[in-house]
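The next block holds one structure in the form of structure tokens; read it before the comments.
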Amino acid sequence: MARTDATRDDTESVFVERMKTFDAQTAPVVTHYRDLGRFEEADGDQSVEAVNAAVEQVIVKLRRASR
């Protein structure tokens, strides 16, 4: 059964801080690899199997490109 009560880290202020951290630390990494042509996105709204297959295809593609 899913837990429905809020936890201490389930607040708007915590979310805002997490987004600040993403913007400061993760977004620049995405930009860097996108600029190098080595960034791909996967549609996470698919089944686990479909996402896994898409990620595997990207890995193969990137490995071939780096040879």
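Letters for chains follow the order of the structure tokens (A, B, ...), residue numbers begin at 1 for each chain, and ligand numbers begin at 1 in the order shown.
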What's the 10 Å shell around region 38-44 of chain A, counting only C-alpha atoms, without same-chain residues fewer than 4 positions away, as a CSV table (one decimal) with N, CA, C and O atoms, in the first residue's frame?
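And here is the file that came out, result_23.csv:
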chain,number,residue,atom,x,y,z
A,29,VAL,N,26.1,19.6,-16.7
A,29,VAL,CA,26.6,18.4,-17.2
A,29,VAL,C,25.8,18.0,-18.5
A,29,VAL,O,26.4,17.6,-19.5
A,30,VAL,N,24.5,18.1,-18.4
A,30,VAL,CA,23.7,17.8,-19.6
A,30,VAL,C,24.1,18.7,-20.8
A,30,VAL,O,24.3,18.3,-21.9
A,31,THR,N,24.3,20.0,-20.5
A,31,THR,CA,24.7,21.0,-21.5
A,31,THR,C,26.0,20.6,-22.1
A,31,THR,O,26.2,20.6,-23.4
A,32,HIS,N,26.9,20.2,-21.3
A,32,HIS,CA,28.3,19.8,-21.7
A,32,HIS,C,28.2,18.7,-22.7
A,32,HIS,O,28.8,18.7,-23.8
A,33,TYR,N,27.5,17.6,-22.3
A,33,TYR,CA,27.4,16.4,-23.2
A,33,TYR,C,26.6,16.7,-24.4
A,33,TYR,O,26.8,16.1,-25.5
A,34,ARG,N,25.6,17.5,-24.3
A,34,ARG,CA,24.8,17.9,-25.5
A,34,ARG,C,25.6,18.6,-26.5
A,34,ARG,O,25.6,18.3,-27.7
A,48,VAL,N,9.2,-0.3,-18.6
A,48,VAL,CA,10.6,-0.5,-18.1
A,48,VAL,C,11.4,-1.1,-19.3
A,48,VAL,O,12.5,-0.7,-19.6
A,50,ALA,N,10.8,-1.1,-22.5
A,50,ALA,CA,11.1,-0.2,-23.6
A,50,ALA,C,12.1,0.9,-23.3
A,50,ALA,O,13.0,1.2,-24.2
A,51,VAL,N,12.1,1.4,-22.1
A,51,VAL,CA,13.1,2.4,-21.7
A,51,VAL,C,14.5,1.7,-21.7
A,51,VAL,O,15.5,2.2,-22.2
A,52,ASN,N,14.6,0.5,-21.1
A,52,ASN,CA,15.8,-0.2,-21.1
A,52,ASN,C,16.4,-0.5,-22.5
A,52,ASN,O,17.6,-0.3,-22.8
A,53,ALA,N,15.5,-0.9,-23.4
A,53,ALA,CA,15.9,-1.1,-24.8
A,53,ALA,C,16.4,0.2,-25.5
A,53,ALA,O,17.4,0.2,-26.2
A,54,ALA,N,15.7,1.3,-25.2
A,54,ALA,CA,16.2,2.6,-25.8
A,54,ALA,C,17.5,3.0,-25.2
A,54,ALA,O,18.4,3.5,-26.0
A,55,VAL,N,17.7,2.8,-23.9
A,55,VAL,CA,19.0,3.2,-23.3
A,55,VAL,C,20.1,2.3,-23.9
A,55,VAL,O,21.2,2.8,-24.2
A,58,VAL,N,21.1,3.5,-27.3
A,58,VAL,CA,21.9,4.7,-27.2
A,58,VAL,C,23.4,4.4,-26.8
A,58,VAL,O,24.3,4.9,-27.4
A,59,ILE,N,23.5,3.5,-25.9
A,59,ILE,CA,24.9,3.1,-25.5
A,59,ILE,C,25.7,2.5,-26.6
A,59,ILE,O,26.8,2.8,-26.9
A,61,LYS,N,25.1,3.0,-29.8
A,61,LYS,CA,25.4,4.1,-30.7
A,61,LYS,C,26.6,5.0,-30.3
A,61,LYS,O,27.5,5.3,-31.1
A,62,LEU,N,26.6,5.3,-29.0
A,62,LEU,CA,27.7,6.2,-28.5
A,62,LEU,C,29.0,5.4,-28.5
A,62,LEU,O,30.1,6.0,-28.8
A,65,ALA,N,30.3,5.4,-32.0
A,65,ALA,CA,30.8,6.8,-32.5
A,65,ALA,C,32.1,7.1,-31.8
A,65,ALA,O,32.8,8.0,-32.4
A,66,SER,N,32.4,6.5,-30.7
A,66,SER,CA,33.7,6.9,-30.0
A,66,SER,C,34.9,6.1,-30.6
A,66,SER,O,36.0,6.3,-30.2
Check your understanding: DSSP says alpha helix (DSSP H) for which residues of chain A? Put them as a VMD selection string?
Key -> chain A and resid 12 to 21 27 to 35 48 to 65
What would the file look like if the residues just selected were written as a tab-separated table (two decimals), in the first residue's frame with C-alpha atoms?
chain	number	residue	atom	x	y	z
A	12	GLU	CA	7.80	22.81	-1.20
A	13	SER	CA	10.92	24.36	0.32
A	14	VAL	CA	12.83	21.07	0.00
A	15	PHE	CA	11.66	20.73	-3.60
A	16	VAL	CA	12.84	24.26	-4.38
A	17	GLU	CA	16.28	23.45	-2.95
A	18	ARG	CA	16.45	20.24	-4.97
A	19	MET	CA	15.69	22.17	-8.14
A	20	LYS	CA	18.39	24.73	-7.30
A	21	THR	CA	20.85	21.86	-6.87
A	27	ALA	CA	22.04	20.94	-15.87
A	28	PRO	CA	25.62	22.01	-16.75
A	29	VAL	CA	26.59	18.35	-17.24
A	30	VAL	CA	23.66	17.84	-19.61
A	31	THR	CA	24.66	20.98	-21.55
A	32	HIS	CA	28.28	19.84	-21.74
A	33	TYR	CA	27.44	16.43	-23.21
A	34	ARG	CA	24.75	17.87	-25.47
A	35	ASP	CA	27.35	20.30	-26.87
A	48	VAL	CA	10.59	-0.46	-18.14
A	49	GLU	CA	11.47	-2.85	-20.95
A	50	ALA	CA	11.06	-0.17	-23.62
A	51	VAL	CA	13.14	2.37	-21.68
A	52	ASN	CA	15.84	-0.25	-21.11
A	53	ALA	CA	15.90	-1.10	-24.83
A	54	ALA	CA	16.15	2.59	-25.77
A	55	VAL	CA	19.02	3.16	-23.33
A	56	GLU	CA	20.85	0.09	-24.62
A	57	GLN	CA	20.49	1.35	-28.21
A	58	VAL	CA	21.94	4.72	-27.23
A	59	ILE	CA	24.88	3.09	-25.45
A	60	VAL	CA	25.67	1.02	-28.54
A	61	LYS	CA	25.38	4.11	-30.75
A	62	LEU	CA	27.68	6.17	-28.53
A	63	ARG	CA	30.25	3.37	-28.25
A	64	ARG	CA	30.37	3.02	-32.03
A	65	ALA	CA	30.76	6.78	-32.46
